[in-house]
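Coordinates from work36.csv are shown below (CSV, C-alpha atoms).
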chain,number,residue,atom,x,y,z
A,1331,MET,CA,-90.8,-41.7,39.5
A,1332,LYS,CA,-94.5,-42.2,39.8
A,1333,ILE,CA,-95.8,-44.8,42.3
A,1334,PHE,CA,-98.6,-47.0,41.2
A,1335,ARG,CA,-101.9,-46.5,43.0
A,1336,PHE,CA,-104.3,-49.3,43.9
A,1337,LEU,CA,-107.1,-49.9,41.5
A,1338,THR,CA,-110.7,-49.2,42.4
A,1339,ILE,CA,-113.5,-49.5,39.8
A,1340,ALA,CA,-117.1,-48.7,40.5
A,1341,LEU,CA,-119.8,-50.7,38.8
A,1342,VAL,CA,-123.0,-48.8,39.2
A,1343,ALA,CA,-126.5,-50.1,38.6
A,1344,LEU,CA,-128.8,-47.2,37.6
A,1345,THR,CA,-132.4,-46.6,36.8
A,1346,LEU,CA,-134.5,-49.6,37.8
A,1347,ILE,CA,-137.4,-49.1,35.4
A,1348,GLY,CA,-140.4,-51.0,36.8
A,1349,CYS,CA,-143.0,-52.8,34.6
A,1350,GLN,CA,-145.8,-55.0,35.8
A,1351,GLU,CA,-146.9,-58.1,34.0
A,1352,ALA,CA,-149.8,-60.3,34.9
A,1353,GLY,CA,-148.8,-62.5,37.8
A,1354,GLU,CA,-145.1,-61.6,37.8
A,1355,SER,CA,-143.0,-58.5,38.5
A,1356,THR,CA,-140.0,-57.9,36.2
A,1357,THR,CA,-137.7,-54.9,35.7
A,1358,ASP,CA,-134.9,-53.7,33.4
A,1359,LEU,CA,-131.5,-53.2,34.9
A,1360,ARG,CA,-129.3,-50.5,33.5
A,1361,LEU,CA,-125.6,-50.8,34.5
A,1362,HIS,CA,-123.3,-47.8,34.4
A,1363,LEU,CA,-119.7,-48.8,34.4
A,1364,THR,CA,-116.8,-46.5,35.4
A,1365,SER,CA,-113.2,-47.4,35.5
A,1366,PRO,CA,-110.4,-45.0,36.4
A,1367,ARG,CA,-107.2,-45.6,34.6
A,1368,PHE,CA,-104.1,-47.0,36.2
A,1369,SER,CA,-101.4,-44.4,36.7
A,1370,GLN,CA,-98.2,-44.9,34.8
A,1371,ARG,CA,-95.4,-46.9,36.6
A,1372,SER,CA,-91.7,-47.0,36.2
A,1373,LEU,CA,-91.6,-50.8,36.5
A,1374,ILE,CA,-93.4,-53.5,34.6
A,1375,PRO,CA,-96.1,-54.5,33.6
A,1376,THR,CA,-96.8,-51.9,30.9
A,1377,SER,CA,-99.6,-49.5,31.2
A,1378,GLY,CA,-101.4,-51.5,28.5
A,1379,ASP,CA,-101.3,-54.6,30.6
A,1380,LEU,CA,-102.9,-52.7,33.5
A,1381,THR,CA,-105.6,-50.9,31.5
A,1382,ILE,CA,-109.1,-52.3,31.7
A,1383,ASP,CA,-110.4,-53.2,28.3
A,1384,HIS,CA,-113.7,-55.0,29.1
A,1385,PHE,CA,-115.9,-56.4,31.9
A,1386,VAL,CA,-117.6,-59.7,32.3
A,1387,ILE,CA,-120.8,-59.4,34.4
A,1388,GLU,CA,-122.6,-62.3,35.9
A,1389,ALA,CA,-126.0,-61.8,37.6
A,1390,ASP,CA,-127.9,-64.6,39.4
A,1391,GLY,CA,-131.4,-63.9,40.7
A,1392,PRO,CA,-134.8,-65.4,41.7
A,1393,LYS,CA,-136.3,-68.4,39.9
A,1394,GLU,CA,-132.8,-69.6,38.9
A,1395,GLN,CA,-132.6,-66.7,36.4
A,1396,SER,CA,-129.0,-65.8,35.4
A,1397,VAL,CA,-127.4,-63.4,33.0
A,1398,THR,CA,-123.8,-63.2,31.7
A,1399,ILE,CA,-122.6,-60.4,29.4
A,1400,THR,CA,-119.3,-59.0,28.2
A,1401,THR,CA,-119.1,-55.3,27.6
A,1402,HIS,CA,-116.8,-52.5,26.6
A,1403,ASP,CA,-119.5,-49.9,27.2
A,1404,LYS,CA,-120.0,-47.8,30.3
A,1405,GLU,CA,-123.7,-48.4,30.3
A,1406,VAL,CA,-125.4,-51.8,29.9
A,1407,LEU,CA,-129.1,-52.5,29.9
A,1408,LEU,CA,-130.2,-55.8,31.3
A,1409,GLY,CA,-133.9,-56.4,30.5
A,1410,ASN,CA,-136.7,-58.4,32.0
A,1411,LEU,CA,-135.1,-59.3,35.3
A,1412,SER,CA,-137.3,-60.8,37.9
A,1413,THR,CA,-137.7,-58.5,41.0
A,1414,GLY,CA,-136.0,-59.8,44.1
A,1415,TRP,CA,-132.6,-60.4,45.4
A,1416,TRP,CA,-129.8,-60.6,42.8
A,1417,THR,CA,-126.1,-61.5,43.2
A,1418,ILE,CA,-124.0,-59.4,40.7
A,1419,LYS,CA,-120.4,-60.3,40.0
A,1420,ALA,CA,-118.1,-58.3,37.8
A,1421,THR,CA,-114.5,-59.0,36.6
A,1422,ALA,CA,-112.3,-56.5,34.7
A,1423,TYR,CA,-109.9,-57.8,32.0
A,1424,ASN,CA,-107.2,-56.1,29.9
A,1425,SER,CA,-107.0,-56.4,26.2
A,1426,SER,CA,-105.0,-59.7,26.5
A,1427,ASP,CA,-108.0,-61.2,28.4
A,1428,THR,CA,-106.0,-61.3,31.6
A,1429,ALA,CA,-108.3,-60.8,34.7
A,1430,LEU,CA,-107.2,-57.8,36.7
A,1431,VAL,CA,-109.8,-57.2,39.5
A,1432,TYR,CA,-113.0,-58.6,40.8
A,1433,GLY,CA,-116.0,-57.6,42.9
A,1434,SER,CA,-119.5,-58.7,43.8
A,1435,THR,CA,-122.6,-57.5,45.6
A,1436,THR,CA,-126.1,-58.6,46.6
A,1437,ALA,CA,-128.9,-56.2,45.9
A,1438,LEU,CA,-132.7,-56.2,46.0
A,1439,LEU,CA,-134.2,-55.2,42.6
A,1440,SER,CA,-137.6,-53.7,42.8
A,1441,ALA,CA,-139.6,-50.8,41.5
A,1442,LYS,CA,-138.3,-48.6,44.4
A,1443,THR,CA,-134.7,-49.7,44.2
A,1444,ASN,CA,-133.0,-47.5,41.6
A,1445,ARG,CA,-129.2,-47.8,42.3
A,1446,THR,CA,-126.6,-50.4,43.4
A,1447,THR,CA,-122.8,-50.4,43.2
A,1448,VAL,CA,-120.3,-53.2,42.7
A,1449,GLU,CA,-116.8,-52.2,43.8
A,1450,LEU,CA,-114.0,-54.0,42.2
A,1451,GLY,CA,-111.5,-54.3,45.0
A,1452,THR,CA,-110.2,-57.9,44.8
A,1453,LEU,CA,-107.2,-58.6,42.6
A,1454,VAL,CA,-107.3,-61.8,40.7
A,1455,GLY,CA,-104.9,-64.7,40.5
A,1456,SER,CA,-101.1,-64.7,40.8
A,1457,GLY,CA,-98.1,-64.0,38.7
A,1458,ALA,CA,-94.3,-63.9,38.8
A,1459,LEU,CA,-91.6,-61.4,39.6
A,1460,ASP,CA,-88.3,-61.7,37.7
A,1461,LEU,CA,-86.0,-58.9,38.7
A,1462,THR,CA,-82.3,-58.2,37.8
A,1463,LEU,CA,-80.0,-56.0,39.9
A,1464,MET,CA,-76.9,-54.6,38.2
A,1465,TRP,CA,-73.8,-52.7,39.6
A,1466,ASP,CA,-70.2,-52.0,38.6
A,1467,PRO,CA,-68.0,-54.8,40.1
A,1468,GLY,CA,-65.0,-52.5,39.7
A,1469,GLN,CA,-66.4,-50.2,42.4
A,1470,VAL,CA,-66.9,-52.8,45.2
A,1471,ALA,CA,-64.8,-55.2,47.3
A,1472,ASP,CA,-64.9,-59.0,47.1
A,1473,ASP,CA,-67.2,-59.1,50.1
A,1474,VAL,CA,-70.0,-57.3,48.2
A,1475,ARG,CA,-73.5,-58.4,49.2
A,1476,VAL,CA,-77.1,-57.4,48.3
A,1477,GLU,CA,-80.0,-56.9,50.6
A,1478,CYS,CA,-83.4,-57.3,48.8
A,1479,ILE,CA,-86.7,-56.9,50.8
A,1480,LEU,CA,-90.2,-57.1,49.3
A,1481,TYR,CA,-93.2,-55.4,51.0
A,1482,ASP,CA,-96.9,-55.7,50.2
A,1483,GLN,CA,-99.2,-52.6,49.9
A,1484,ASP,CA,-99.6,-52.5,53.7
A,1485,LEU,CA,-95.7,-52.4,53.9
A,1486,LYS,CA,-95.6,-55.8,55.5
A,1487,GLU,CA,-92.6,-57.9,54.5
A,1488,VAL,CA,-93.3,-60.7,52.0
A,1489,ALA,CA,-91.2,-63.9,51.7
A,1490,ILE,CA,-89.4,-64.2,48.4
A,1491,ASP,CA,-86.9,-66.7,47.0
A,1492,PRO,CA,-83.2,-66.2,47.7
A,1493,LEU,CA,-81.2,-63.9,45.4
A,1494,VAL,CA,-78.8,-65.5,42.9
A,1495,VAL,CA,-75.6,-63.3,43.0
A,1496,ASP,CA,-72.8,-63.2,40.5
A,1497,LYS,CA,-70.1,-61.0,42.1
A,1498,LYS,CA,-67.8,-61.2,39.1
A,1499,ALA,CA,-70.5,-59.9,36.7
A,1500,GLY,CA,-71.9,-57.5,39.2
A,1501,SER,CA,-75.5,-58.8,39.1
A,1502,ALA,CA,-78.2,-60.5,41.2
A,1503,THR,CA,-81.5,-62.0,40.1
A,1504,ILE,CA,-84.7,-62.9,41.9
A,1505,SER,CA,-87.5,-65.0,40.6
A,1506,SER,CA,-90.5,-65.5,42.8
A,1507,ASN,CA,-94.2,-66.3,42.4
A,1508,LEU,CA,-96.5,-63.8,44.1
A,1509,ALA,CA,-100.2,-63.2,44.6
A,1510,ALA,CA,-101.7,-60.5,42.3
A,1511,GLY,CA,-101.2,-57.1,43.9
A,1512,SER,CA,-99.1,-54.1,44.5
A,1513,TYR,CA,-95.6,-54.4,46.1
A,1514,PHE,CA,-92.6,-52.4,47.0
A,1515,VAL,CA,-89.1,-53.8,46.6
A,1516,ARG,CA,-86.2,-52.2,48.5
A,1517,VAL,CA,-82.6,-53.0,47.5
A,1518,ARG,CA,-79.3,-52.1,49.2
A,1519,LEU,CA,-75.8,-52.9,48.0
A,1520,PHE,CA,-73.0,-53.3,50.6
A,1521,SER,CA,-69.3,-53.3,50.2
A,1522,GLN,CA,-67.0,-53.8,53.2
A,1523,GLU,CA,-70.2,-53.8,55.2
A,1524,THR,CA,-70.9,-50.2,54.1
A,1525,ALA,CA,-74.0,-49.3,52.1
A,1526,VAL,CA,-72.8,-48.0,48.8
A,1527,SER,CA,-76.0,-47.9,46.7
A,1528,GLY,CA,-79.7,-48.6,47.0
A,1529,ALA,CA,-83.0,-48.3,45.2
A,1530,GLY,CA,-86.8,-48.7,45.7
A,1531,GLU,CA,-89.4,-49.6,43.1
A,1532,ALA,CA,-93.1,-50.2,43.1
A,1533,VAL,CA,-94.0,-53.5,41.6
A,1534,ARG,CA,-97.3,-54.8,40.2
A,1535,ILE,CA,-98.2,-58.4,39.8
A,1536,ILE,CA,-101.1,-59.5,37.6
A,1537,ASP,CA,-102.6,-62.9,36.9
A,1538,ASN,CA,-100.6,-65.3,34.7
A,1539,THR,CA,-98.0,-62.6,33.9
A,1540,THR,CA,-94.3,-62.2,34.6
A,1541,SER,CA,-93.3,-58.8,35.8
A,1542,ASP,CA,-89.7,-58.5,34.8
A,1543,GLY,CA,-87.2,-55.6,34.8
A,1544,THR,CA,-83.7,-54.4,35.7
A,1545,ILE,CA,-82.6,-52.0,38.4
A,1546,ASP,CA,-79.2,-50.3,38.0
A,1547,LEU,CA,-77.5,-49.7,41.4
A,1548,ILE,CA,-75.4,-46.6,40.8
A,1549,ILE,CA,-72.4,-46.2,43.1
A,1550,GLY,CA,-72.1,-42.5,42.9
A,1551,ASP,CA,-70.5,-41.5,46.3
A,1552,LEU,CA,-67.4,-39.2,46.1
A,1553,SER,CA,-65.0,-39.5,49.0
A,1554,THR,CA,-64.3,-36.3,50.8
A,1555,ALA,CA,-61.0,-37.5,52.3
A,1556,TYR,CA,-58.9,-40.4,51.2
A,1557,THR,CA,-55.5,-40.9,52.9
A,1558,LEU,CA,-52.7,-42.0,50.6
A,1559,VAL,CA,-49.4,-43.2,52.0
A,1560,VAL,CA,-46.5,-43.3,49.6
A,1561,VAL,CA,-43.7,-45.7,50.7
A,1562,ASN,CA,-40.3,-45.3,48.9
A,1563,LYS,CA,-38.9,-48.7,48.4
A,1564,THR,CA,-35.7,-47.4,46.8
A,1565,GLY,CA,-32.5,-46.4,48.5
A,1566,LEU,CA,-29.7,-44.0,47.9
A,1567,PRO,CA,-26.3,-45.3,46.5
A,1568,ILE,CA,-24.2,-46.5,49.4
A,1569,GLU,CA,-21.2,-44.3,49.9
A,1570,GLY,CA,-17.9,-45.1,51.5
A,1571,THR,CA,-14.1,-44.4,51.6
A,1572,VAL,CA,-11.1,-46.6,50.8
A,1573,SER,CA,-7.8,-46.3,52.8
A,1574,ALA,CA,-4.5,-48.0,52.0
A,1575,THR,CA,-1.7,-49.1,54.3
A,1576,PRO,CA,1.2,-48.3,54.1
A,1577,ASP,CA,0.7,-44.9,52.6
A,1578,PRO,CA,2.6,-44.3,50.5
A,1579,PRO,CA,3.2,-47.9,49.4
A,1580,VAL,CA,6.6,-49.4,49.7
A,1581,SER,CA,8.0,-51.1,46.7
A,1582,GLY,CA,7.7,-54.8,46.8
A,1583,GLU,CA,5.5,-54.8,49.9
A,1584,ALA,CA,1.8,-55.7,50.2
A,1585,VAL,CA,-0.8,-53.0,50.4
A,1586,THR,CA,-3.8,-53.4,52.7
A,1587,MET,CA,-7.0,-51.6,51.4
A,1588,VAL,CA,-10.0,-51.2,53.6
A,1589,TRP,CA,-13.4,-49.9,52.6
A,1590,GLN,CA,-15.5,-48.1,55.2
A,1591,PRO,CA,-19.2,-47.0,54.8
A,1592,ILE,CA,-20.4,-43.4,55.3
A,1593,ALA,CA,-23.7,-43.2,57.2
A,1594,LEU,CA,-25.4,-46.4,56.3
A,1595,ALA,CA,-29.2,-46.1,55.9
A,1596,GLU,CA,-31.4,-47.2,58.8
A,1597,GLY,CA,-31.8,-50.9,58.9
A,1598,ILE,CA,-28.7,-51.7,56.8
A,1599,GLN,CA,-25.7,-53.4,58.5
A,1600,LEU,CA,-22.2,-53.8,57.1
A,1601,GLU,CA,-22.6,-57.6,57.1
A,1602,ASP,CA,-25.7,-57.1,54.8
A,1603,LEU,CA,-23.6,-55.6,52.0
A,1604,ASP,CA,-22.3,-57.5,49.0
A,1605,ILE,CA,-18.7,-56.1,48.5
A,1606,THR,CA,-16.7,-56.8,45.3
A,1607,TRP,CA,-13.2,-55.5,44.5
A,1608,TYR,CA,-12.0,-54.7,41.0
A,1609,CYS,CA,-8.5,-53.8,39.7
A,1610,GLU,CA,-8.6,-51.9,36.5
A,1611,GLY,CA,-12.0,-53.5,35.6
A,1612,VAL,CA,-11.2,-57.0,36.6
A,1613,GLU,CA,-12.7,-58.7,39.6
A,1614,VAL,CA,-10.0,-59.6,42.1
A,1615,ALA,CA,-11.9,-60.3,45.4
A,1616,SER,CA,-15.4,-60.4,47.0
A,1617,GLY,CA,-17.1,-60.8,50.3
A,1618,SER,CA,-14.9,-58.6,52.5
A,1619,SER,CA,-14.4,-54.9,53.1
A,1620,THR,CA,-10.6,-55.6,53.2
A,1621,PHE,CA,-8.4,-56.4,50.3
A,1622,VAL,CA,-4.7,-57.2,50.4
A,1623,SER,CA,-2.5,-56.9,47.2
A,1624,THR,CA,1.0,-56.3,46.1
A,1625,PRO,CA,0.6,-54.2,43.0
A,1626,ALA,CA,3.2,-54.0,40.3
A,1627,ALA,CA,5.1,-50.8,39.9
A,1628,GLY,CA,3.1,-48.0,38.5
A,1629,THR,CA,-0.4,-46.5,39.2
A,1630,HIS,CA,-3.4,-48.8,39.4
A,1631,ARG,CA,-7.1,-48.1,39.9
A,1632,TYR,CA,-9.0,-50.1,42.4
A,1633,ASP,CA,-12.9,-50.0,42.6
A,1634,VAL,CA,-15.1,-51.3,45.4
A,1635,ILE,CA,-18.7,-52.0,44.2
A,1636,ILE,CA,-21.2,-52.1,47.1
A,1637,ASN,CA,-24.6,-53.7,46.6
A,1638,HIS,CA,-27.7,-54.3,48.8
A,1639,PRO,CA,-31.1,-55.8,48.1
A,1640,THR,CA,-32.7,-52.3,48.5
A,1641,LEU,CA,-33.6,-51.0,45.1
A,1642,GLY,CA,-31.2,-48.3,43.9
A,1643,SER,CA,-28.7,-48.7,46.7
A,1644,MET,CA,-25.7,-49.9,44.6
A,1645,GLY,CA,-22.7,-47.6,45.1
A,1646,SER,CA,-18.9,-47.5,44.4
A,1647,THR,CA,-15.7,-46.1,45.7
A,1648,SER,CA,-12.4,-45.8,43.9
A,1649,LEU,CA,-8.7,-45.7,44.9
A,1650,LEU,CA,-5.5,-44.9,42.9
A,1651,CYS,CA,-2.6,-46.8,44.2
A,1652,THR,CA,0.9,-45.8,43.0
A,1653,MET,CA,3.6,-48.4,43.6
A,1654,PRO,CA,7.2,-47.2,43.2
A,1655,LEU,CA,9.6,-49.0,40.9
A,1656,THR,CA,12.2,-51.3,42.6
A,1657,LEU,CA,15.7,-50.3,41.6
A,1658,LYS,CA,18.4,-52.9,41.2
A,1659,GLY,CA,22.0,-52.6,42.5
A,1660,GLY,CA,21.0,-49.7,44.8
A,1661,GLU,CA,20.3,-47.4,41.9

Please express the file's structure as structure tokens.
Amino acid sequence: MKIFRFLTIALVALTLIGCQEAGESTTDLRLHLTSPRFSQRSLIPTSGDLTIDHFVIEADGPKEQSVTITTHDKEVLLGNLSTGWWTIKATAYNSSDTALVYGSTTALLSAKTNRTTVELGTLVGSGALDLTLMWDPGQVADDVRVECILYDQDLKEVAIDPLVVDKKAGSATISSNLAAGSYFVRVRLFSQETAVSGAGEAVRIIDNTTSDGTIDLIIGDLSTAYTLVVVNKTGLPIEGTVSATPDPPVSGEAVTMVWQPIALAEGIQLEDLDITWYCEGVEVASGSSTFVSTPAAGTHRYDVIINHPTLGSMGSTSLLCTMPLTLKGGE
């Protein structure tokens, strides 16, 4: 990126050609104009806006004599000027007739004075800065903030209007009126109070012109170490055993079945479990690890379904209970 350099234009008065007239001394003034081009800049205005197209020269001298000319040429001949002290003013304009830079000098014109110089070193007027900053909102936290500081050509901080920030869109804008001149804008983007991007741009302000542009704040850092902790929120199926008393069952007598867990996971207590008893697929009891039943003669399947709020922890345990047949008459 090329940084804009301050403009200096020399306005040179050359070759004072003396001529004597009866009772009055007059001379011709030949002006030689030189104007180095502005270097190209990365920010606005365009190079065309900063290129000198023509000069307006105003000269005031003795006997209330004055001359005003507009010229595109490098050499201008001003004829029949009275000898004596002259004030010469020159203003440079671009092709849009916007004044860029101004200078003046006072010089004694005489037969012996053959050169004078007007340096154009005063910038003219004021303009506006309209700047937009853009970033990817998906790469920053909600506390994102933008720091924008403007410096003049002597790197002294210049007061500007506050930024208007749109965090959701990832943008910030600044609009401020400034005296014509060269400036440097420095921008930094912070997320979680850490600088994640920044930029610097040279800015030129010219008279009655808005310098506008956009700066993209690229967040390009790659983290060298990012700690990722994986927390498993699922559990293993809860295991257990079922015992029956008496064993073997006695015909016509109740059977007490008890479910007992095997190595409950850390943080899980027996009272935290949801226990439901099924007999051959039909729910017969719930809420307790103990179930009492008097089965009919034959073999019956009992299932205990154990549940817990931990994802994936549901388990089951089964028991086959064989109740003997009751014989009548001692058979």

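Between Gly1628 in chain A and the candidates A:Pro1579, A:Gly1528, A:Leu1655, A:Phe1514, the tightest atom-to-atom separation, counting all atoms listed in the file, involves A:Leu1655.
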
Considering all atoms listed in the file, return as a list of chain:residue names whatever protein or nucleic-acid residues lie within 9 Å of Trp1415 in chain A, sequence-local ones (same chain, fewer than 3 positions apart) excluded.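 Contacts, with the query itself left out: A:Asp1390, A:Gly1391, A:Pro1392, A:Ser1412, A:Thr1436, A:Ala1437, A:Leu1438, A:Leu1439, A:Ser1440.
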
Please write the residues from the selection above to a file, keeping C-alpha atoms, as a short mmCIF file (atom, residue, chain, number, x, y, z; two decimals), in the coordinates of the input.
data_model
loop_
_atom_site.label_atom_id
_atom_site.label_comp_id
_atom_site.auth_asym_id
_atom_site.auth_seq_id
_atom_site.Cartn_x
_atom_site.Cartn_y
_atom_site.Cartn_z
CA ASP A 1390 -127.90 -64.60 39.40
CA GLY A 1391 -131.40 -63.90 40.70
CA PRO A 1392 -134.80 -65.40 41.70
CA SER A 1412 -137.30 -60.80 37.90
CA THR A 1436 -126.10 -58.60 46.60
CA ALA A 1437 -128.90 -56.20 45.90
CA LEU A 1438 -132.70 -56.20 46.00
CA LEU A 1439 -134.20 -55.20 42.60
CA SER A 1440 -137.60 -53.70 42.80
#

What is the CA of Leu1650 in chain A-CA of Asp1602 in chain A distance in Å, reported with one decimal? 26.4 Å

Name the closest residue to Pro1654 in chain A among the candidates A:Val1622, A:Ala1627, A:Ile1635, A:Leu1485; distances are taken between atoms, counting all atoms listed in the file. A:Ala1627

Just how far from CA of Ser1646 in chain A is CA of Gly1597 in chain A, in Å to one decimal?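 These atoms are spaced 19.7 Å apart.
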
Enter the distance from CA of Val1585 in chain A to CA of Ala1626 in chain A, in Å, rounded to one decimal. 10.9 Å

So which residues touch range 1464-1470 of chain A within 9 Å, counting only C-alpha atoms, skipping near sequence neighbours fewer than 6 positions away, as a VMD selection string? chain A and resid 1497 to 1503 1519 to 1522 1526 to 1527 1544 to 1549

What are the closest atom pairs, with distances in Å to one decimal, for all residues of range 1419-1475 of chain A lying within 10 Å of range 1393-1409 of chain A? Consider all atoms listed in the file, order rows by chain and residue number, and present the result as a Markdown table.
| residue | atom | partner | partner_atom | distance |
| --- | --- | --- | --- | --- |
| A:Lys1419 | CA | A:Thr1398 | CA | 9.4 |
| A:Ala1420 | CA | A:Thr1398 | CA | 9.7 |
| A:Thr1421 | CA | A:Thr1400 | CA | 9.7 |
| A:Ala1422 | CA | A:Thr1400 | CA | 9.9 |

Range 1614-1619 of chain A surroundings by all atoms listed in the file, 12 Å radius, close-in-sequence under 2 positions cut, as number ranges by chain: A: 1570-1573, 1586-1591, 1600-1612, 1621-1623, 1625, 1632-1637, 1647

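Between Pro1492 in chain A and the candidates A:Tyr1423, A:Thr1540, A:Cys1478, A:Val1560, the tightest atom-to-atom separation, counting only C-alpha atoms, involves A:Cys1478.
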